[in-house]
Structures are given as structure tokens and as C-alpha cells.
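Here's the structure, in C-alpha cells; my notes come after.
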Amino acid sequence: MLELYFFRDVSDYNELCEKTKNAYKRNSLNKRKVKIVKTIFLEERVMRQYSEEIKRDNEFVINNIGLMKIKNGVWNCIELKAQDMSLVIMADGYPYARFVALRM
């Protein structure tokens, strides 16, 4: 089982990287237990475009909204993955990545 740092309402990939780096540096205790219930592979171009506007409504999130839920303390999430980038998403009922984490 994964344990990741999630952040709410992140605007873009750079902000997510900075917040994640700071959480690891502080050795924050706010990690969540995560189960990846679906991995969606994206072309680099699509992933780059999405990573520039993480808070916007997203078809991948909308089409899989029912899969993302917290069950017995474990966050069931989807993963958007490209060759060199991976975003783990918990929508919490929203049509966008309300909570997002980096899978390093």
C-alpha cells in the first residue's frame, strides 16, 4: 500500500512539486494510505496540458468519479500517468482533482 502526501486545490504541477518537496523536507505526518484503483496512461502532450491546469474539470476525473472514495481509511484513487510524470487523484465527488499527490 502506498502512502502519499495529498494537497487540496493545487493549481499546477510546479505548485504540487513544491508542496510535496516541502512535506518530505519537514517529514510531515500527513501522509494518506492510498490504493490505486485505476491507472490511465496519457500521451506526454495531454499530460503536460493537464498538469498546467490541475484544478480545471477533467474528463478522466469525471469518467471515474465513482471509483474515488475513502474506504476503511484508505484513499481509493486514480492515477494519471505519462512517461515521466504520475499524478494520483482523489476527486471527492468533484469533476476535477480536488486532492492530488505525486507518485515518485
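Scheme for the C-alpha cells: letters A, B, ... for chains in order shown; per-chain residue numbers from 1; ligand numbers from 1 in order shown.
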So which residues touch Ser51 in chain A within 9 Å, counting only C-alpha atoms, skipping near sequence neighbours fewer than 6 positions away, as a list in words? Ser11, Asp12, Tyr13, Asn14 and Leu87 of chain A
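The environment of range 16-28 of chain A within 10 Å, counting only C-alpha atoms and disregarding residues fewer than 2 places along the same chain, consists of A:Leu4, A:Tyr5, A:Phe6, A:Phe7, A:Arg8, A:Asp9, A:Val10, A:Ser11, A:Asp12, A:Tyr13, A:Asn14, A:Asn30, A:Lys31, A:Ser51, A:Ile54, A:Leu87, A:Val100, A:Ala101, A:Leu102, A:Arg103, A:Met104.
For Asn63 in chain A, the list of residues within 12 Å, based on only C-alpha atoms and with local chain neighbours fewer than 2 positions off taken out, reads Lys38, Ile40, Asp57, Asn58, Glu59, Phe60, Val61, Ile65, Gly66, Leu67, Met68, Ile78, Ala91, Gly93, Tyr94, Pro95 and Tyr96 of chain A.
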Generate the output file for the selected residues, N, CA and C atoms, as a short mmCIF file (atom, residue, chain, number, x, y, z; two decimals), in the first residue's frame.
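Done, and the output landed in selection-v3.cif:
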```cif
data_model
loop_
_atom_site.label_atom_id
_atom_site.label_comp_id
_atom_site.auth_asym_id
_atom_site.auth_seq_id
_atom_site.Cartn_x
_atom_site.Cartn_y
_atom_site.Cartn_z
N LYS A 38 -7.28 2.59 -10.51
CA LYS A 38 -7.22 2.63 -11.97
C LYS A 38 -6.07 3.53 -12.39
N ILE A 40 -4.52 5.47 -15.71
CA ILE A 40 -4.84 5.94 -17.06
C ILE A 40 -3.56 6.49 -17.67
N ASP A 57 -11.99 21.22 -14.61
CA ASP A 57 -12.76 19.99 -14.80
C ASP A 57 -12.04 19.11 -15.82
N ASN A 58 -12.08 17.82 -15.59
CA ASN A 58 -11.29 16.91 -16.40
C ASN A 58 -12.09 15.66 -16.73
N GLU A 59 -12.08 15.26 -18.00
CA GLU A 59 -12.85 14.10 -18.45
C GLU A 59 -12.40 12.81 -17.76
N PHE A 60 -11.11 12.67 -17.47
CA PHE A 60 -10.61 11.46 -16.82
C PHE A 60 -11.16 11.35 -15.40
N VAL A 61 -11.24 12.48 -14.73
CA VAL A 61 -11.79 12.51 -13.38
C VAL A 61 -13.30 12.27 -13.43
N ILE A 65 -15.28 9.16 -11.48
CA ILE A 65 -15.60 9.77 -10.19
C ILE A 65 -16.11 8.75 -9.17
N GLY A 66 -16.82 7.73 -9.63
CA GLY A 66 -17.36 6.72 -8.73
C GLY A 66 -16.32 5.80 -8.12
N LEU A 67 -15.14 5.76 -8.71
CA LEU A 67 -14.07 4.90 -8.19
C LEU A 67 -13.32 5.53 -7.03
N MET A 68 -13.37 6.86 -6.96
CA MET A 68 -12.58 7.59 -5.97
C MET A 68 -13.39 7.81 -4.70
N ILE A 78 -7.44 7.36 -8.58
CA ILE A 78 -6.98 7.06 -9.93
C ILE A 78 -5.61 7.69 -10.10
N ALA A 91 -10.93 12.83 -6.27
CA ALA A 91 -11.85 13.92 -6.64
C ALA A 91 -12.80 14.29 -5.51
N GLY A 93 -15.82 13.59 -5.15
CA GLY A 93 -17.12 13.97 -5.71
C GLY A 93 -17.10 15.16 -6.66
N TYR A 94 -15.97 15.78 -6.83
CA TYR A 94 -15.85 16.94 -7.71
C TYR A 94 -15.40 16.51 -9.10
N PRO A 95 -15.65 17.33 -10.13
CA PRO A 95 -15.26 16.97 -11.51
C PRO A 95 -13.80 17.31 -11.84
N TYR A 96 -13.00 17.58 -10.82
CA TYR A 96 -11.58 17.90 -11.01
C TYR A 96 -10.80 17.25 -9.86
#
```
List every residue of chain A that DSSP, applied to the backbone, labels as helix (DSSP H, G or I), and write the result as number ranges by chain. A: 13-26, 44-51, 59-63, 65-67
Next, dump the selected residues to file, keeping only N, CA, C and O atoms, as a CSV table (one decimal), in the first residue's frame.
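out12.csv was written with the following content:
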```csv
chain,number,residue,atom,x,y,z
A,13,TYR,N,1.4,21.7,-11.8
A,13,TYR,CA,2.4,20.7,-11.4
A,13,TYR,C,3.5,21.3,-10.6
A,13,TYR,O,4.0,20.7,-9.6
A,14,ASN,N,3.9,22.5,-10.9
A,14,ASN,CA,5.0,23.2,-10.2
A,14,ASN,C,4.6,23.4,-8.8
A,14,ASN,O,5.5,23.2,-7.9
A,15,GLU,N,3.4,23.9,-8.5
A,15,GLU,CA,3.0,24.1,-7.2
A,15,GLU,C,2.9,22.7,-6.4
A,15,GLU,O,3.3,22.7,-5.2
A,16,LEU,N,2.5,21.7,-7.1
A,16,LEU,CA,2.4,20.4,-6.4
A,16,LEU,C,3.8,19.9,-6.1
A,16,LEU,O,4.0,19.3,-5.0
A,17,CYS,N,4.7,20.0,-7.0
A,17,CYS,CA,6.1,19.6,-6.7
A,17,CYS,C,6.7,20.4,-5.5
A,17,CYS,O,7.3,19.7,-4.6
A,18,GLU,N,6.5,21.7,-5.4
A,18,GLU,CA,7.0,22.5,-4.3
A,18,GLU,C,6.4,22.0,-3.0
A,18,GLU,O,7.1,21.9,-2.0
A,19,LYS,N,5.1,21.8,-3.0
A,19,LYS,CA,4.4,21.4,-1.7
A,19,LYS,C,4.9,20.0,-1.3
A,19,LYS,O,5.1,19.8,-0.1
A,20,THR,N,5.0,19.1,-2.3
A,20,THR,CA,5.5,17.8,-2.0
A,20,THR,C,6.9,17.8,-1.4
A,20,THR,O,7.2,17.1,-0.4
A,21,LYS,N,7.8,18.6,-2.0
A,21,LYS,CA,9.2,18.7,-1.6
A,21,LYS,C,9.2,19.2,-0.2
A,21,LYS,O,9.9,18.7,0.7
A,22,ASN,N,8.4,20.2,0.1
A,22,ASN,CA,8.4,20.8,1.5
A,22,ASN,C,7.9,19.8,2.5
A,22,ASN,O,8.3,19.7,3.6
A,23,ALA,N,6.9,19.0,2.1
A,23,ALA,CA,6.3,18.0,3.1
A,23,ALA,C,7.3,16.9,3.4
A,23,ALA,O,7.5,16.5,4.6
A,24,TYR,N,8.1,16.5,2.4
A,24,TYR,CA,9.1,15.5,2.6
A,24,TYR,C,10.3,16.1,3.5
A,24,TYR,O,10.8,15.4,4.4
A,25,LYS,N,10.6,17.3,3.2
A,25,LYS,CA,11.7,18.0,3.9
A,25,LYS,C,11.3,18.1,5.4
A,25,LYS,O,12.2,17.9,6.3
A,26,ARG,N,10.0,18.4,5.7
A,26,ARG,CA,9.6,18.6,7.1
A,26,ARG,C,9.3,17.2,7.7
A,26,ARG,O,9.0,17.2,8.9
A,44,GLU,N,2.3,12.3,-23.6
A,44,GLU,CA,3.0,13.4,-22.9
A,44,GLU,C,2.4,14.8,-23.1
A,44,GLU,O,2.2,15.5,-22.2
A,45,ARG,N,1.9,15.0,-24.3
A,45,ARG,CA,1.3,16.3,-24.6
A,45,ARG,C,0.0,16.5,-23.8
A,45,ARG,O,-0.2,17.6,-23.2
A,46,VAL,N,-0.8,15.5,-23.7
A,46,VAL,CA,-2.0,15.6,-22.9
A,46,VAL,C,-1.7,15.8,-21.4
A,46,VAL,O,-2.3,16.6,-20.7
A,47,MET,N,-0.8,15.0,-20.9
A,47,MET,CA,-0.4,15.1,-19.5
A,47,MET,C,0.2,16.5,-19.2
A,47,MET,O,-0.1,17.1,-18.2
A,48,ARG,N,1.0,17.0,-20.1
A,48,ARG,CA,1.6,18.3,-19.9
A,48,ARG,C,0.5,19.4,-19.8
A,48,ARG,O,0.5,20.3,-19.0
A,49,GLN,N,-0.4,19.3,-20.7
A,49,GLN,CA,-1.5,20.3,-20.8
A,49,GLN,C,-2.3,20.2,-19.5
A,49,GLN,O,-2.7,21.2,-18.9
A,50,TYR,N,-2.7,19.0,-19.1
A,50,TYR,CA,-3.4,18.8,-17.8
A,50,TYR,C,-2.7,19.3,-16.6
A,50,TYR,O,-3.2,20.0,-15.7
A,51,SER,N,-1.4,19.1,-16.6
A,51,SER,CA,-0.6,19.4,-15.4
A,51,SER,C,-0.4,21.0,-15.2
A,51,SER,O,-0.1,21.4,-14.2
A,59,GLU,N,-12.1,15.3,-18.0
A,59,GLU,CA,-12.8,14.1,-18.4
A,59,GLU,C,-12.4,12.8,-17.8
A,59,GLU,O,-13.2,11.9,-17.5
A,60,PHE,N,-11.1,12.7,-17.5
A,60,PHE,CA,-10.6,11.5,-16.8
A,60,PHE,C,-11.2,11.4,-15.4
A,60,PHE,O,-11.5,10.3,-14.9
A,61,VAL,N,-11.2,12.5,-14.7
A,61,VAL,CA,-11.8,12.5,-13.4
A,61,VAL,C,-13.3,12.3,-13.4
A,61,VAL,O,-13.8,11.4,-12.7
A,62,ILE,N,-14.0,13.0,-14.3
A,62,ILE,CA,-15.4,12.8,-14.4
A,62,ILE,C,-15.8,11.4,-14.7
A,62,ILE,O,-16.8,10.9,-14.1
A,63,ASN,N,-15.1,10.8,-15.7
A,63,ASN,CA,-15.5,9.4,-16.1
A,63,ASN,C,-15.2,8.4,-15.0
A,63,ASN,O,-15.7,7.2,-15.2
A,65,ILE,N,-15.3,9.2,-11.5
A,65,ILE,CA,-15.6,9.8,-10.2
A,65,ILE,C,-16.1,8.8,-9.2
A,65,ILE,O,-15.8,8.8,-8.0
A,66,GLY,N,-16.8,7.7,-9.6
A,66,GLY,CA,-17.4,6.7,-8.7
A,66,GLY,C,-16.3,5.8,-8.1
A,66,GLY,O,-16.6,5.1,-7.1
A,67,LEU,N,-15.1,5.8,-8.7
A,67,LEU,CA,-14.1,4.9,-8.2
A,67,LEU,C,-13.3,5.5,-7.0
A,67,LEU,O,-12.7,4.8,-6.2
```
Taken to one decimal, the CA of Glu43 in chain A-CA of Ile70 in chain A distance is 28.5 Å
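The neighbours of Asn72 in chain A here are the residues that come within 12 Å of it, using only C-alpha atoms and leaving out any residue fewer than 5 positions away in the same chain; they are A:Arg32, A:Lys33, A:Val34, A:Lys35.
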Using only C-alpha atoms, the shortest atom-to-atom distance to Gln83 in chain A among A:Lys55, A:Lys71, A:Leu29, A:Leu42 belongs to A:Leu42
Residues of range 10-59 of chain A in strand (DSSP E), written as a PDB file with N, CA and C atoms, in the first residue's frame:
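Output (part.pdb):
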```
ATOM      1  N   LYS A  31       0.627  11.971   5.676  1.00  0.00           N
ATOM      2  CA  LYS A  31       0.517  11.045   4.547  1.00  0.00           C
ATOM      3  C   LYS A  31      -0.809  10.296   4.631  1.00  0.00           C
ATOM      4  N   ARG A  32      -1.342   9.954   3.470  1.00  0.00           N
ATOM      5  CA  ARG A  32      -2.574   9.175   3.377  1.00  0.00           C
ATOM      6  C   ARG A  32      -2.255   7.802   2.810  1.00  0.00           C
ATOM      7  N   LYS A  33      -2.947   6.793   3.303  1.00  0.00           N
ATOM      8  CA  LYS A  33      -2.829   5.460   2.733  1.00  0.00           C
ATOM      9  C   LYS A  33      -3.629   5.441   1.442  1.00  0.00           C
ATOM     10  N   VAL A  34      -3.012   4.909   0.383  1.00  0.00           N
ATOM     11  CA  VAL A  34      -3.597   5.016  -0.954  1.00  0.00           C
ATOM     12  C   VAL A  34      -3.633   3.659  -1.645  1.00  0.00           C
ATOM     13  N   LYS A  35      -4.744   3.434  -2.326  1.00  0.00           N
ATOM     14  CA  LYS A  35      -4.866   2.292  -3.230  1.00  0.00           C
ATOM     15  C   LYS A  35      -5.188   2.865  -4.613  1.00  0.00           C
ATOM     16  N   ILE A  36      -4.354   2.542  -5.588  1.00  0.00           N
ATOM     17  CA  ILE A  36      -4.622   2.978  -6.964  1.00  0.00           C
ATOM     18  C   ILE A  36      -5.623   1.998  -7.558  1.00  0.00           C
ATOM     19  N   VAL A  37      -6.843   2.481  -7.846  1.00  0.00           N
ATOM     20  CA  VAL A  37      -7.881   1.597  -8.371  1.00  0.00           C
ATOM     21  C   VAL A  37      -7.924   1.581  -9.897  1.00  0.00           C
ATOM     22  N   LYS A  38      -7.282   2.588 -10.507  1.00  0.00           N
ATOM     23  CA  LYS A  38      -7.216   2.631 -11.970  1.00  0.00           C
ATOM     24  C   LYS A  38      -6.070   3.534 -12.389  1.00  0.00           C
ATOM     25  N   THR A  39      -5.296   3.061 -13.358  1.00  0.00           N
ATOM     26  CA  THR A  39      -4.225   3.868 -13.933  1.00  0.00           C
ATOM     27  C   THR A  39      -4.599   4.190 -15.374  1.00  0.00           C
ATOM     28  N   ILE A  40      -4.523   5.470 -15.713  1.00  0.00           N
ATOM     29  CA  ILE A  40      -4.843   5.941 -17.064  1.00  0.00           C
ATOM     30  C   ILE A  40      -3.558   6.488 -17.672  1.00  0.00           C
ATOM     31  N   PHE A  41      -3.122   5.867 -18.763  1.00  0.00           N
ATOM     32  CA  PHE A  41      -1.896   6.302 -19.433  1.00  0.00           C
ATOM     33  C   PHE A  41      -2.227   7.388 -20.449  1.00  0.00           C
TER      34      PHE A  41
END
```
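Separating CA of Val74 in chain A from CA of Ser86 in chain A is a distance of 19.1 Å.
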When you count only C-alpha atoms, which of these residues is closest to Phe99 in chain A: A:Ala82, A:Cys77, A:Leu2, A:Glu52? A:Cys77
